[in-house]
file model26.pdb (PDB, C-alpha atoms)
ATOM      1  CA  MET A  86      -2.488  12.714-154.614
ATOM      2  CA  ARG A  87       0.438  15.030-155.379
ATOM      3  CA  THR A  88       2.051  16.675-152.338
ATOM      4  CA  ARG A  89       2.873  20.380-152.455
ATOM      5  CA  ASN A  90       6.575  21.293-152.500
ATOM      6  CA  THR A  91       7.913  24.200-150.455
ATOM      7  CA  ASP A  92       9.125  25.816-153.706
ATOM      8  CA  ASP A  93       5.562  26.058-155.000
ATOM      9  CA  MET A  94       4.095  29.594-154.797
ATOM     10  CA  CYS A  95       0.364  30.024-154.257
ATOM     11  CA  ASP A  96      -1.612  33.235-154.771
ATOM     12  CA  GLY A  97      -5.273  32.403-154.310
ATOM     13  CA  GLU A  98      -6.370  30.258-157.257
ATOM     14  CA  VAL A  99      -3.188  31.075-159.196
ATOM     15  CA  GLN A 100      -0.111  29.001-158.383
ATOM     16  CA  VAL A 101       3.485  28.938-159.588
ATOM     17  CA  PHE A 102       5.455  25.684-159.758
ATOM     18  CA  PRO A 103       8.988  24.848-160.886
ATOM     19  CA  LEU A 104       8.567  22.909-164.107
ATOM     20  CA  HIS A 105      10.797  20.044-162.908
ATOM     21  CA  HIS A 106       8.110  19.438-160.228
ATOM     22  CA  ARG A 107       5.393  19.198-162.899
ATOM     23  CA  LEU A 108       6.897  17.314-165.833
ATOM     24  CA  ASP A 109       3.355  16.505-166.976
ATOM     25  CA  LEU A 110       3.175  20.154-168.185
ATOM     26  CA  LEU A 111       6.334  19.918-170.288
ATOM     27  CA  GLU A 112       4.677  19.671-173.713
ATOM     28  CA  ALA A 113       2.009  22.264-172.937
ATOM     29  CA  CYS A 114       4.704  24.662-171.726
ATOM     30  CA  ALA A 115       6.709  24.091-174.919
ATOM     31  CA  ASP A 116       3.668  25.018-177.002
ATOM     32  CA  LEU A 117       3.074  28.127-174.865
ATOM     33  CA  VAL A 118       6.621  29.411-175.321
ATOM     34  CA  ASN A 119       6.709  28.480-179.012
ATOM     35  CA  ALA A 120       3.563  30.510-179.610
ATOM     36  CA  GLU A 121       5.612  33.613-178.767
ATOM     37  CA  TRP A 122       9.058  32.557-180.021
ATOM     38  CA  PRO A 123       8.670  29.834-182.696
ATOM     39  CA  ARG A 124      11.196  27.025-182.519
ATOM     40  CA  SER A 125      11.337  23.314-183.130
ATOM     41  CA  ARG A 126       9.122  21.544-180.568
ATOM     42  CA  ALA A 127      11.772  18.955-179.812
ATOM     43  CA  ALA A 128      14.422  21.630-179.240
ATOM     44  CA  ARG A 129      12.063  23.585-176.990
ATOM     45  CA  ILE A 130      11.240  20.532-174.893
ATOM     46  CA  HIS A 131      14.944  19.733-174.619
ATOM     47  CA  GLY A 132      15.606  23.237-173.297
ATOM     48  CA  LEU A 133      12.737  23.078-170.793
ATOM     49  CA  GLN A 134      13.971  19.730-169.496
ATOM     50  CA  LYS A 135      17.082  21.511-168.173
ATOM     51  CA  SER A 136      15.022  23.077-165.390
ATOM     52  CA  CYS A 137      16.488  21.885-162.094
ATOM     53  CA  GLN A 138      17.017  22.882-158.483
ATOM     54  CA  ASN A 139      20.531  24.212-159.194
ATOM     55  CA  PHE A 140      19.353  26.515-162.021
ATOM     56  CA  PRO A 141      18.129  27.308-164.500
ATOM     57  CA  VAL A 142      14.614  27.028-163.044
ATOM     58  CA  CYS A 143      11.558  27.245-165.275
ATOM     59  CA  LEU A 144       8.507  28.548-163.407
ATOM     60  CA  VAL A 145       4.996  27.877-164.721
ATOM     61  CA  LEU A 146       1.901  29.861-163.754
ATOM     62  CA  LEU A 147      -1.246  27.757-163.272
ATOM     63  CA  GLU A 148      -4.858  28.608-162.554
ATOM     64  CA  ARG A 149      -6.977  26.020-160.819
ATOM     65  CA  ALA A 150     -10.761  25.888-161.090
ATOM     66  CA  ALA A 151     -12.458  22.903-159.486
ATOM     67  CA  ASP A 152     -10.521  19.877-160.767
ATOM     68  CA  GLU A 153      -9.125  21.582-163.867
ATOM     69  CA  GLU A 154      -5.836  23.375-164.426
ATOM     70  CA  GLN A 155      -4.948  25.951-167.057
ATOM     71  CA  LEU A 156      -1.390  26.874-167.945
ATOM     72  CA  LEU A 157      -1.156  30.666-167.963
ATOM     73  CA  GLY A 158       2.498  31.654-168.145
ATOM     74  CA  HIS A 159       6.174  30.764-167.996
ATOM     75  CA  ALA A 160       9.407  32.413-166.835
ATOM     76  CA  ARG A 161      12.961  31.111-166.532
ATOM     77  CA  LEU A 162      15.453  32.074-163.820
ATOM     78  CA  SER A 163      19.201  31.656-164.348
ATOM     79  CA  ARG A 164      22.320  32.592-162.440
ATOM     80  CA  VAL A 165      24.249  35.773-163.286
ATOM     81  CA  VAL A 166      27.978  35.336-163.822
ATOM     82  CA  GLY A 167      30.029  37.245-161.245
ATOM     83  CA  GLN A 168      26.997  38.272-159.133
ATOM     84  CA  CYS A 169      26.217  35.638-156.516
ATOM     85  CA  GLY A 170      23.108  37.481-155.294
ATOM     86  CA  SER A 171      21.440  38.024-158.687
ATOM     87  CA  LEU A 172      19.232  36.003-160.995
ATOM     88  CA  PHE A 173      18.385  36.643-164.653
ATOM     89  CA  VAL A 174      14.728  36.479-165.725
ATOM     90  CA  GLU A 175      14.020  35.495-169.330
ATOM     91  CA  THR A 176      11.407  33.872-171.565
ATOM     92  CA  VAL A 177       8.586  35.618-169.695
ATOM     93  CA  VAL A 178       5.352  34.861-171.521
ATOM     94  CA  VAL A 179       1.622  34.778-170.728
ATOM     95  CA  CYS A 180      -0.977  32.877-172.735
ATOM     96  CA  GLN A 181      -2.330  35.148-175.464
ATOM     97  CA  ALA A 182      -5.967  34.513-174.515
ATOM     98  CA  GLN A 183      -5.305  35.574-170.896
ATOM     99  CA  ARG A 184      -3.304  38.753-171.454
ATOM    100  CA  GLY A 185      -4.458  42.036-169.999
ATOM    101  CA  LYS A 186      -5.827  40.402-166.833
ATOM    102  CA  GLY A 187      -2.864  40.994-164.529
ATOM    103  CA  TYR A 188      -1.274  37.566-164.909
ATOM    104  CA  GLY A 189       2.006  39.083-166.089
ATOM    105  CA  ARG A 190       2.316  40.977-162.823
ATOM    106  CA  LYS A 191       1.418  37.836-160.828
ATOM    107  CA  LEU A 192       4.069  35.866-162.707
ATOM    108  CA  MET A 193       6.776  38.444-162.036
ATOM    109  CA  GLU A 194       5.789  38.844-158.376
ATOM    110  CA  ALA A 195       5.879  35.063-157.932
ATOM    111  CA  SER A 196       9.301  34.956-159.579
ATOM    112  CA  GLU A 197      10.544  37.580-157.130
ATOM    113  CA  ARG A 198       9.178  35.621-154.171
ATOM    114  CA  TYR A 199      10.804  32.446-155.419
ATOM    115  CA  ALA A 200      14.141  34.237-155.837
ATOM    116  CA  ARG A 201      13.954  35.607-152.284
ATOM    117  CA  THR A 202      13.226  32.173-150.835
ATOM    118  CA  ARG A 203      16.382  30.923-152.584
ATOM    119  CA  GLY A 204      18.480  33.705-151.038
ATOM    120  CA  PHE A 205      18.773  36.087-154.021
ATOM    121  CA  ARG A 206      18.249  39.836-153.746
ATOM    122  CA  ARG A 207      18.252  41.129-157.328
ATOM    123  CA  LEU A 208      16.550  40.208-160.591
ATOM    124  CA  CYS A 209      17.968  41.273-163.963
ATOM    125  CA  LEU A 210      16.334  41.130-167.378
ATOM    126  CA  THR A 211      16.312  42.476-170.916
ATOM    127  CA  THR A 212      13.436  43.630-173.089
ATOM    128  CA  HIS A 213      12.909  45.217-176.474
ATOM    129  CA  ASP A 214       9.436  46.691-176.056
ATOM    130  CA  LYS A 215       8.100  45.940-172.531
ATOM    131  CA  GLN A 216      10.299  48.457-170.688
ATOM    132  CA  HIS A 217       7.311  50.457-169.429
ATOM    133  CA  PHE A 218       5.652  47.350-168.002
ATOM    134  CA  TYR A 219       8.787  46.429-166.058
ATOM    135  CA  ALA A 220       9.369  50.038-164.983
ATOM    136  CA  HIS A 221       5.859  50.025-163.511
ATOM    137  CA  LEU A 222       6.874  46.955-161.477
ATOM    138  CA  GLY A 223       9.909  48.769-160.052
ATOM    139  CA  TYR A 224      12.645  47.795-162.515
ATOM    140  CA  VAL A 225      15.205  50.434-163.493
ATOM    141  CA  LEU A 226      17.684  50.722-166.341
ATOM    142  CA  SER A 227      21.062  49.163-165.640
ATOM    143  CA  LYS A 228      24.247  47.914-167.274
ATOM    144  CA  PRO A 229      24.517  44.588-169.125
ATOM    145  CA  VAL A 230      25.217  41.381-167.205
ATOM    146  CA  GLN A 231      26.069  37.893-168.393
ATOM    147  CA  ASN A 232      23.427  35.214-168.102
ATOM    148  CA  ALA A 233      24.892  31.816-167.221
ATOM    149  CA  GLY A 234      21.883  29.969-168.639
ATOM    150  CA  ALA A 235      22.159  26.191-168.526
ATOM    151  CA  MET A 236      25.963  26.198-168.417
ATOM    152  CA  THR A 237      25.906  26.071-164.599
ATOM    153  CA  SER A 238      24.581  22.511-164.834
ATOM    154  CA  PHE A 239      27.903  21.230-166.198
ATOM    155  CA  MET A 240      30.440  24.019-165.498
ATOM    156  CA  PRO A 241      31.223  25.597-162.099
ATOM    157  CA  MET A 242      30.405  29.276-161.675
ATOM    158  CA  GLU A 243      34.061  30.003-160.829
ATOM    159  CA  VAL A 244      35.143  28.751-164.253
ATOM    160  CA  LEU A 245      32.454  30.799-166.005
ATOM    161  CA  GLN A 246      33.565  33.888-164.108
ATOM    162  CA  LYS A 247      37.171  33.448-165.253
ATOM    163  CA  PHE A 248      36.116  33.200-168.893
ATOM    164  CA  SER A 249      33.756  36.187-168.690
ATOM    165  CA  ARG A 250      35.919  38.562-166.635
ATOM    166  CA  ILE A 251      36.283  41.925-168.413
ATOM    167  CA  GLN A 252      39.634  43.685-168.234
ATOM    168  CA  ASP A 253      39.647  47.042-166.494
ATOM    169  CA  THR A 254      41.702  48.675-169.253
ATOM    170  CA  VAL A 255      40.138  48.619-172.689
ATOM    171  CA  CYS A 256      42.441  48.218-175.711
ATOM    172  CA  SER A 257      45.536  47.961-173.512
ATOM    173  CA  PHE A 258      48.228  46.058-175.411
ATOM    174  CA  GLY A 259      51.034  46.440-172.865
ATOM    175  CA  PRO A 260      52.622  48.833-170.381
ATOM    176  CA  PRO A 261      53.126  52.485-171.261
ATOM    177  CA  ARG A 262      56.098  53.278-173.390
ATOM    178  CA  SER A 263      57.902  55.142-170.608
ATOM    179  CA  SER A 264      57.536  52.347-168.028
ATOM    180  CA  ALA A 265      58.588  49.705-170.562
ATOM    181  CA  ARG A 266      61.707  51.724-171.440
ATOM    182  CA  GLN A 267      62.589  52.175-167.780
ATOM    183  CA  GLY A 268      62.299  48.447-167.128
ATOM    184  CA  LEU A 269      64.505  47.733-170.152
ATOM    185  CA  GLN A 270      67.186  50.161-168.974
ATOM    186  CA  LYS A 271      67.229  48.510-165.532
ATOM    187  CA  ASN A 272      68.071  45.141-167.143
ATOM    188  CA  LEU A 273      70.911  46.567-169.250
ATOM    189  CA  PRO A 274      74.514  46.252-167.880
ATOM    190  CA  SER A 275      76.124  49.369-166.471
ATOM    191  CA  ASN A 276      78.685  49.667-169.309
ATOM    192  CA  SER A 277      76.055  49.685-172.005
ATOM    193  CA  GLU A 278      75.648  52.802-174.076
ATOM    194  CA  PRO A 279      72.535  54.922-173.544
ATOM    195  CA  ASP A 280      69.899  55.120-176.210
ATOM    196  CA  PRO A 281      70.677  57.551-179.026
ATOM    197  CA  PRO A 282      68.750  60.809-178.858
ATOM    198  CA  GLN A 283      65.437  60.717-180.618
ATOM    199  CA  VAL A 284      65.215  62.718-183.797
ATOM    200  CA  SER A 285      62.194  64.893-184.194
ATOM    201  CA  CYS A 286      60.216  64.159-187.303
ATOM    202  CA  GLN A 287      58.342  67.423-187.426
ATOM    203  CA  THR A 288      58.087  68.846-190.915
ATOM    204  CA  GLU A 289      58.625  72.563-191.411
ATOM    205  CA  ILE A 290      55.874  74.085-193.488
ATOM    206  CA  LEU A 291      57.202  76.711-195.890
ATOM    207  CA  CYS A 292      54.736  79.433-196.709
ATOM    208  CA  PRO A 293      55.287  81.294-199.982
ATOM    209  CA  LYS A 294      56.220  84.945-199.636
ATOM    210  CA  PRO A 295      53.609  87.426-200.823
ATOM    211  CA  LEU A 296      54.259  88.924-204.197
ATOM    212  CA  ALA A 297      55.357  92.517-204.295
ATOM    213  CA  VAL A 298      52.717  94.848-205.680
ATOM    214  CA  PRO A 299      54.202  97.455-208.044
ATOM    215  CA  SER A 300      53.761 100.987-206.848
ATOM    216  CA  GLN A 301      51.351 103.142-208.767
ATOM    217  CA  PRO A 302      52.623 106.116-210.754
ATOM    218  CA  SER A 303      52.358 109.416-208.975
ATOM    219  CA  ASN A 304      50.366 111.011-211.784
ATOM    220  CA  GLN A 305      47.299 108.712-211.177
ATOM    221  CA  PRO A 306      44.701 109.636-208.531
ATOM    222  CA  PRO A 307      44.720 107.465-205.400
ATOM    223  CA  GLN A 308      42.305 104.551-205.170
ATOM    224  CA  PRO A 309      39.175 105.094-203.017
ATOM    225  CA  PRO A 310      39.239 103.444-199.589
ATOM    226  CA  PRO A 311      37.568 100.035-199.269
ATOM    227  CA  PRO A 312      33.938  99.981-198.133
ATOM    228  CA  PRO A 313      33.277  99.500-194.410
ATOM    229  CA  PRO A 314      32.598  95.921-193.236
ATOM    230  CA  ALA A 315      29.006  94.721-193.130
ATOM    231  CA  PRO A 316      27.330  94.836-189.712
ATOM    232  CA  PRO A 317      27.144  91.458-187.905
ATOM    233  CA  LEU A 318      23.993  89.389-188.333
ATOM    234  CA  PRO A 319      21.616  89.142-185.348
ATOM    235  CA  PRO A 320      21.835  85.848-183.410
ATOM    236  CA  GLN A 321      19.575  83.128-184.735
ATOM    237  CA  LEU A 322      16.777  81.999-182.461
ATOM    238  CA  PRO A 323      16.269  78.255-181.869
ATOM    239  CA  ALA A 324      13.694  76.495-183.966
ATOM    240  CA  THR A 325      11.464  75.825-180.940
ATOM    241  CA  CYS A 326      10.971  78.946-178.857
ATOM    242  CA  HIS A 327       7.959  77.805-176.849
ATOM    243  CA  PRO A 328       8.847  75.981-173.611
ATOM    244  CA  ILE A 329       7.243  72.628-172.911
ATOM    245  CA  PRO A 330       4.466  72.943-170.325
ATOM    246  CA  PRO A 331       5.257  71.372-166.946
ATOM    247  CA  VAL A 332       2.645  68.660-167.462
ATOM    248  CA  ALA A 333       4.196  67.601-170.756
ATOM    249  CA  GLN A 334       7.663  67.536-169.177
ATOM    250  CA  SER A 335       6.532  65.209-166.394
ATOM    251  CA  GLN A 336       4.845  62.935-168.916
ATOM    252  CA  SER A 337       7.950  62.766-171.086
ATOM    253  CA  LYS A 338      10.039  61.660-168.105
ATOM    254  CA  THR A 339       7.727  58.768-167.309
ATOM    255  CA  GLN A 340       6.932  57.726-170.860
ATOM    256  CA  THR A 341      10.409  57.886-172.386
ATOM    257  CA  LEU A 342      13.197  55.480-171.482
ATOM    258  CA  TYR A 343      16.421  55.756-173.459
ATOM    259  CA  THR A 344      18.930  52.940-173.827
ATOM    260  CA  PRO A 345      22.371  53.203-175.450
ATOM    261  CA  TYR A 346      22.541  49.432-176.001
ATOM    262  CA  ARG A 347      21.735  47.536-179.203
ATOM    263  CA  ASP A 348      21.312  43.847-179.900
ATOM    264  CA  ALA A 349      23.001  41.857-182.668
ATOM    265  CA  LYS A 350      20.425  43.160-185.170
ATOM    266  CA  GLY A 351      20.974  46.790-184.172
ATOM    267  CA  MET A 352      17.634  47.076-182.351
ATOM    268  CA  PRO A 353      17.429  48.948-179.008
ATOM    269  CA  ILE A 354      17.584  46.627-176.015
ATOM    270  CA  TYR A 355      16.815  47.629-172.446
ATOM    271  CA  TRP A 356      18.849  46.131-169.592
ATOM    272  CA  MET A 357      16.942  46.460-166.318
ATOM    273  CA  HIS A 358      17.145  45.201-162.740
ATOM    274  CA  LYS A 359      15.199  45.328-159.486
ATOM    275  CA  ASP A 360      16.412  44.879-155.927
ATOM    276  CA  ILE A 361      14.028  42.518-154.166
TER     277      ILE A 361
END
call {"tool": "encode", "arguments": {"input": "model26.pdb", "output": "structure tokens"}}
result
Amino acid sequence: MRTRNTDDMCDGEVQVFPLHHRLDLLEACADLVNAEWPRSRAARIHGLQKSCQNFPVCLVLLERAADEEQLLGHARLSRVVGQCGSLFVETVVVCQAQRGKGYGRKLMEASERYARTRGFRRLCLTTHDKQHFYAHLGYVLSKPVQNAGAMTSFMPMEVLQKFSRIQDTVCSFGPPRSSARQGLQKNLPSNSEPDPPQVSCQTEILCPKPLAVPSQPSNQPPQPPPPPPAPPLPPQLPATCHPIPPVAQSQSKTQTLYTPYRDAKGMPIYWMHKDI
């Protein structure tokens, strides 16, 4: 009889186990994930075998009825580079035949409980089209983070943080010109000649002089004055003059989430997080 581990999460008849505690579900879990994101079965099994206590951790959602078990879902938790209190949730999938029954919520809630028991206080994730589902669970839009994935199994987090550290100044190729010149002048000997004065390279634009108009003979009648200028046009009204009703405005705020980020294919990608 298999003993229950303290990492196992139970919610009534639905339970969540780390996959490395249930290696007998390895092939079934590979088929479940491949049904959503097709990949070679051997490569998928190899990736799932990396689940371990030190992360990444693959969580599987099971439903027990009498002496039978049914695999319902899968989610993977990985460390976030540079954020010791955060985990990254990915590969969240529920069996197609069991969708729409609340198992996605149970899987995410179990993942949050597991993260809290391990001492983490934030979950991060990305999605292309399930942003409203995660927003309903309390996730909000956030900035991108770096998922350590399985690299933490063979590379310390400190090393990963050094390689992924982003410089504060973007496109900075050296000190400002003035500070660099001052440092150079400090290193020059006292009898050295100062820099020659800089020559301005501004180009003078020569405008041609207007041509002289010959005066009209005195025996011709004077020309009539020019016509008065046309009156200014009335201001154009915007295309939509009818305000949005308050109900429609509230619906647009809850139903529309905008993201400025794009993936490698140019598709919108939503970075989200939740403090747990």
call {"tool": "resolve_selection", "arguments": {"input": "model26.pdb", "expression": "the PyMOL selection byres ((chain A and resi 176-189) around 8)", "output": "ChimeraX atom specification"}}
result
/A:117-118,121,156-161,174-175,190-193
call {"tool": "write_last_selection", "arguments": {"input": "model26.pdb", "atoms": "C-alpha atoms", "output": "PDB file, in the coordinates of the input"}}
result
ATOM      1  CA  LEU A 117       3.074  28.127-174.865  1.00  0.00           C
ATOM      2  CA  VAL A 118       6.621  29.411-175.321  1.00  0.00           C
ATOM      3  CA  GLU A 121       5.612  33.613-178.767  1.00  0.00           C
ATOM      4  CA  LEU A 156      -1.390  26.874-167.945  1.00  0.00           C
ATOM      5  CA  LEU A 157      -1.156  30.666-167.963  1.00  0.00           C
ATOM      6  CA  GLY A 158       2.498  31.654-168.145  1.00  0.00           C
ATOM      7  CA  HIS A 159       6.174  30.764-167.996  1.00  0.00           C
ATOM      8  CA  ALA A 160       9.407  32.413-166.835  1.00  0.00           C
ATOM      9  CA  ARG A 161      12.961  31.111-166.532  1.00  0.00           C
ATOM     10  CA  VAL A 174      14.728  36.479-165.725  1.00  0.00           C
ATOM     11  CA  GLU A 175      14.020  35.495-169.330  1.00  0.00           C
ATOM     12  CA  ARG A 190       2.316  40.977-162.823  1.00  0.00           C
ATOM     13  CA  LYS A 191       1.418  37.836-160.828  1.00  0.00           C
ATOM     14  CA  LEU A 192       4.069  35.866-162.707  1.00  0.00           C
ATOM     15  CA  MET A 193       6.776  38.444-162.036  1.00  0.00           C
TER      16      MET A 193
END
call {"tool": "atom_distance", "arguments": {"input": "model26.pdb", "atom1": "CA of His221 (chain A)", "atom2": "CA of Arg207 (chain A)"}}
result
16.5 Å
call {"tool": "resolve_selection", "arguments": {"input": "model26.pdb", "expression": "the PyMOL selection byres ((chain A and resi 229) around 6)", "output": "MDAnalysis selection string"}}
result
chainID A and resid 228 230 356
call {"tool": "closest_residue", "arguments": {"input": "model26.pdb", "among": "A:Arg126, A:His358, A:Lys350, A:His105", "to": "Gln138 (chain A)", "atoms": "all atoms listed in the file"}}
result
A:His105
call {"tool": "atom_distance", "arguments": {"input": "model26.pdb", "atom1": "CA of Ala235 (chain A)", "atom2": "CA of Ser125 (chain A)"}}
result
18.4 Å
call {"tool": "resolve_selection", "arguments": {"input": "model26.pdb", "expression": "the PyMOL selection byres ((chain A and resi 163-168) around 6)", "output": "PDB file with C-alpha atoms, in the frame of the given file"}}
result
ATOM      1  CA  PHE A 140      19.353  26.515-162.021  1.00  0.00           C
ATOM      2  CA  PRO A 141      18.129  27.308-164.500  1.00  0.00           C
ATOM      3  CA  LEU A 162      15.453  32.074-163.820  1.00  0.00           C
ATOM      4  CA  CYS A 169      26.217  35.638-156.516  1.00  0.00           C
ATOM      5  CA  GLY A 170      23.108  37.481-155.294  1.00  0.00           C
ATOM      6  CA  SER A 171      21.440  38.024-158.687  1.00  0.00           C
ATOM      7  CA  LEU A 172      19.232  36.003-160.995  1.00  0.00           C
ATOM      8  CA  PHE A 173      18.385  36.643-164.653  1.00  0.00           C
ATOM      9  CA  GLN A 231      26.069  37.893-168.393  1.00  0.00           C
ATOM     10  CA  ASN A 232      23.427  35.214-168.102  1.00  0.00           C
ATOM     11  CA  ALA A 233      24.892  31.816-167.221  1.00  0.00           C
ATOM     12  CA  GLY A 234      21.883  29.969-168.639  1.00  0.00           C
ATOM     13  CA  GLN A 246      33.565  33.888-164.108  1.00  0.00           C
TER      14      GLN A 246
END
call {"tool": "atom_distance", "arguments": {"input": "model26.pdb", "atom1": "CA of Arg206 (chain A)", "atom2": "CA of Val99 (chain A)"}}
result
23.8 Å
call {"tool": "residues_around", "arguments": {"input": "model26.pdb", "residues": "Pro103 (chain A)", "least_positions_apart": "2", "cutoff": "8 Å", "atoms": "only C-alpha atoms", "output": "list in words"}}
result
Asp92, Asp93, Val101, His105, His106, Arg107, Ser136, Val142, Cys143, Leu144 and Val145 of chain A
call {"tool": "write_last_selection", "arguments": {"input": "model26.pdb", "atoms": "C-alpha atoms", "output": "short mmCIF file (atom, residue, chain, number, x, y, z; two decimals), keeping the file's coordinate frame"}}
result
data_model
loop_
_atom_site.label_atom_id
_atom_site.label_comp_id
_atom_site.auth_asym_id
_atom_site.auth_seq_id
_atom_site.Cartn_x
_atom_site.Cartn_y
_atom_site.Cartn_z
CA ASP A 92 9.12 25.82 -153.71
CA ASP A 93 5.56 26.06 -155.00
CA VAL A 101 3.48 28.94 -159.59
CA HIS A 105 10.80 20.04 -162.91
CA HIS A 106 8.11 19.44 -160.23
CA ARG A 107 5.39 19.20 -162.90
CA SER A 136 15.02 23.08 -165.39
CA VAL A 142 14.61 27.03 -163.04
CA CYS A 143 11.56 27.24 -165.28
CA LEU A 144 8.51 28.55 -163.41
CA VAL A 145 5.00 27.88 -164.72
#
call {"tool": "residues_around", "arguments": {"input": "model26.pdb", "residues": "Asp214 (chain A)", "least_positions_apart": "4", "cutoff": "12 Å", "atoms": "all atoms listed in the file", "output": "ChimeraX atom specification"}}
result
/A:218-220,341-344,352-356
call {"tool": "closest_residue", "arguments": {"input": "model26.pdb", "among": "A:Ala195, A:Leu226, A:Leu108, A:Arg347", "to": "Leu210 (chain A)", "atoms": "all atoms listed in the file"}}
result
A:Leu226
call {"tool": "closest_residue", "arguments": {"input": "model26.pdb", "among": "A:Glu112, A:Glu154, A:Glu197, A:Asp348", "to": "Gly223 (chain A)", "atoms": "all atoms listed in the file"}}
result
A:Glu197
call {"tool": "decode", "arguments": {"input": "model26.pdb", "residues": "region 172-226 of chain A", "atoms": "C-alpha atoms", "output": "PDB file, in the first residue's frame"}}
result
ATOM      1  CA  LEU A 172       7.480  30.296  -9.004  1.00  0.00           C
ATOM      2  CA  PHE A 173       6.562  30.081 -12.694  1.00  0.00           C
ATOM      3  CA  VAL A 174       3.512  28.017 -13.688  1.00  0.00           C
ATOM      4  CA  GLU A 175       3.520  26.477 -17.166  1.00  0.00           C
ATOM      5  CA  THR A 176       2.144  23.565 -19.188  1.00  0.00           C
ATOM      6  CA  VAL A 177      -1.238  23.840 -17.458  1.00  0.00           C
ATOM      7  CA  VAL A 178      -3.598  21.405 -19.150  1.00  0.00           C
ATOM      8  CA  VAL A 179      -6.819  19.549 -18.296  1.00  0.00           C
ATOM      9  CA  CYS A 180      -8.054  16.426 -20.063  1.00  0.00           C
ATOM     10  CA  GLN A 181     -10.256  17.453 -22.984  1.00  0.00           C
ATOM     11  CA  ALA A 182     -13.128  15.182 -21.920  1.00  0.00           C
ATOM     12  CA  GLN A 183     -13.214  16.766 -18.436  1.00  0.00           C
ATOM     13  CA  ARG A 184     -13.039  20.451 -19.339  1.00  0.00           C
ATOM     14  CA  GLY A 185     -15.726  22.842 -18.201  1.00  0.00           C
ATOM     15  CA  LYS A 186     -16.215  21.050 -14.868  1.00  0.00           C
ATOM     16  CA  GLY A 187     -14.025  23.253 -12.680  1.00  0.00           C
ATOM     17  CA  TYR A 188     -10.929  21.056 -12.740  1.00  0.00           C
ATOM     18  CA  GLY A 189      -8.797  23.887 -14.116  1.00  0.00           C
ATOM     19  CA  ARG A 190      -9.589  25.981 -11.060  1.00  0.00           C
ATOM     20  CA  LYS A 191      -8.878  23.014  -8.748  1.00  0.00           C
ATOM     21  CA  LEU A 192      -5.532  22.460 -10.462  1.00  0.00           C
ATOM     22  CA  MET A 193      -4.493  26.094 -10.092  1.00  0.00           C
ATOM     23  CA  GLU A 194      -5.681  26.292  -6.476  1.00  0.00           C
ATOM     24  CA  ALA A 195      -3.738  23.119  -5.658  1.00  0.00           C
ATOM     25  CA  SER A 196      -0.659  24.577  -7.339  1.00  0.00           C
ATOM     26  CA  GLU A 197      -0.976  27.689  -5.183  1.00  0.00           C
ATOM     27  CA  ARG A 198      -1.294  25.598  -2.023  1.00  0.00           C
ATOM     28  CA  TYR A 199       1.740  23.555  -2.972  1.00  0.00           C
ATOM     29  CA  ALA A 200       3.757  26.722  -3.618  1.00  0.00           C
ATOM     30  CA  ARG A 201       2.784  28.144  -0.217  1.00  0.00           C
ATOM     31  CA  THR A 202       3.808  24.958   1.578  1.00  0.00           C
ATOM     32  CA  ARG A 203       7.229  25.289  -0.085  1.00  0.00           C
ATOM     33  CA  GLY A 204       7.607  28.878   1.143  1.00  0.00           C
ATOM     34  CA  PHE A 205       6.787  30.796  -2.067  1.00  0.00           C
ATOM     35  CA  ARG A 206       4.458  33.792  -2.159  1.00  0.00           C
ATOM     36  CA  ARG A 207       3.948  34.571  -5.852  1.00  0.00           C
ATOM     37  CA  LEU A 208       3.050  32.622  -8.980  1.00  0.00           C
ATOM     38  CA  CYS A 209       3.873  33.928 -12.463  1.00  0.00           C
ATOM     39  CA  LEU A 210       2.653  32.670 -15.821  1.00  0.00           C
ATOM     40  CA  THR A 211       2.094  33.487 -19.475  1.00  0.00           C
ATOM     41  CA  THR A 212      -0.894  32.843 -21.709  1.00  0.00           C
ATOM     42  CA  HIS A 213      -2.016  33.630 -25.226  1.00  0.00           C
ATOM     43  CA  ASP A 214      -5.775  33.208 -24.904  1.00  0.00           C
ATOM     44  CA  LYS A 215      -6.688  32.228 -21.302  1.00  0.00           C
ATOM     45  CA  GLN A 216      -6.101  35.666 -19.753  1.00  0.00           C
ATOM     46  CA  HIS A 217      -9.732  36.019 -18.654  1.00  0.00           C
ATOM     47  CA  PHE A 218      -9.677  32.649 -16.899  1.00  0.00           C
ATOM     48  CA  TYR A 219      -6.573  33.600 -14.921  1.00  0.00           C
ATOM     49  CA  ALA A 220      -7.902  37.102 -14.221  1.00  0.00           C
ATOM     50  CA  HIS A 221     -10.993  35.480 -12.701  1.00  0.00           C
ATOM     51  CA  LEU A 222      -8.660  33.531 -10.387  1.00  0.00           C
ATOM     52  CA  GLY A 223      -6.983  36.741  -9.197  1.00  0.00           C
ATOM     53  CA  TYR A 224      -4.037  37.033 -11.591  1.00  0.00           C
ATOM     54  CA  VAL A 225      -3.094  40.491 -12.867  1.00  0.00           C
ATOM     55  CA  LEU A 226      -0.985  41.707 -15.767  1.00  0.00           C
TER      56      LEU A 226
END
